[in-house]
Amino acid sequence: MYKEVIRTGIIGAVLAIAATGCGSKDNGAQSLLDQAQAAFDNGNYKESLVLIDSLAKAFPEEISIQRAAMHLRPMADEQLTMLEIEHNDSAMAAAKSEVERLKGNFVFVKEKDMVEGYTIHKEAKKHPLINRTGLEARIDERYNLYVVSLLNGRSVNHERISISGAGGEVSTATVAYDGASNYRFNSGGVSNESVTFRGGKSDTLCMYVAEHKGNALKLNFIGKSRYSVPLSATDKKAVAETQEYAVALQNNREAELRNAYLENRLKISREHIEKTAQKAQQ
């Protein structure tokens, strides 16, 4: 909103200058350039860039002034980028600290027959979803969070799960039986139903667990019928911390990617400063 207020005010100033300009387009263009330079000198780099854009649109024929503005533009962008790098460095340091705080609680799993591995909480690794009813949160190699359910000894034909308690209920998306993401098997004469849930609703479900880990929660299996069990303390802790770790990993990756982008933008700005320096003097 602030940026739009600046832009609206500048456009009004440009129109006024273009209309009067003391009878000279050159004076109007120079006035805008002076304003852009003053904004730059005062550290208002976004405002300076908006003024330069307005100058380019209102007075395209003022070649010498446009050259000076085109030299000022990369200088303003350089300073703005440096401020963004400083801010991003802080975000990246915070994300890395969170990753370091949590990573000791997790292990990476990838067996020979697996196409892709996943990261799992150590407590979940100690209590795998084999012949027990429960919920497991995992992080794939692209840092996406997903959940796996297993219903042991019951026939519900569940296609989704939900977590309820603390005054609410959050559900995954529906995953129809396909023999892969949703499959059923018999182990020792006992029926088992296992479903893998991916996507944003899995994040929401895990976030709900993390936000209400101090409350009693129920794990609900929903299909042709509904079956509910208390979400165990072990599963609750593992799901909550896995959600936190996934967010930390994602934030760290985003900060690293943004850092690379900003460093490249800074390099380009400095190259443009050099290229436009000579033209500005012509």
# chains A, B, ... in the order shown; residues from 1 in each chain; ligands from 1
$ residues_around --residues "A:Lys224" --least-positions-apart "5" --cutoff "8 Å" --atoms "only C-alpha atoms" --output "list in words"
Val156, Asn157 and His158 of chain A
$ select_by_dssp --residues "stretch 133-232 of chain A" --states "strand (DSSP E or B)" --output "PyMOL selection string"
chain A and resi 134-140+145-152+160-165+168-171+182-187+190-197+218-222+226-230
$ atom_distance --atom1 "atom CA of A:Pro74" --atom2 "atom CA of A:Leu55"
15.0 Å
$ select_by_dssp --residues "stretch 13-106 of chain A" --states "alpha helix (DSSP H)" --output "count of residues only"
78
$ closest_residue --among "A:Gly179, A:Ser228, A:Lys46, A:Ile120" --to "A:Leu102" --atoms "only C-alpha atoms"
A:Ile120
$ residues_around --residues "stretch 221-223 of chain A" --least-positions-apart "5" --cutoff "12 Å" --atoms "only C-alpha atoms" --output "ChimeraX atom specification"
/A:133-135,148-152,154-164,171-177,182,193-195,228-231
$ closest_residue --among "A:Ser90, A:Ser187, A:Asn220, A:Thr196" --to "A:Ala255" --atoms "only C-alpha atoms"
A:Ser90
$ closest_residue --among "A:Leu33, A:Val115, A:Leu205, A:Ala277" --to "A:Glu62" --atoms "only C-alpha atoms"
A:Leu33
$ residues_around --residues "A:Asn42" --least-positions-apart "6" --cutoff "12 Å" --atoms "only C-alpha atoms" --output "PyMOL selection string"
chain A and resi 35-36+48+76+79
$ residues_around --residues "A:Ala166" --least-positions-apart "5" --cutoff "12 Å" --atoms "only C-alpha atoms" --output "ChimeraX atom specification"
/A:208-218
$ atom_distance --atom1 "atom CA of A:Thr276" --atom2 "atom CA of A:Leu49"
15.6 Å
$ atom_distance --atom1 "atom CA of A:Asn251" --atom2 "atom CA of A:Ala94"
9.1 Å
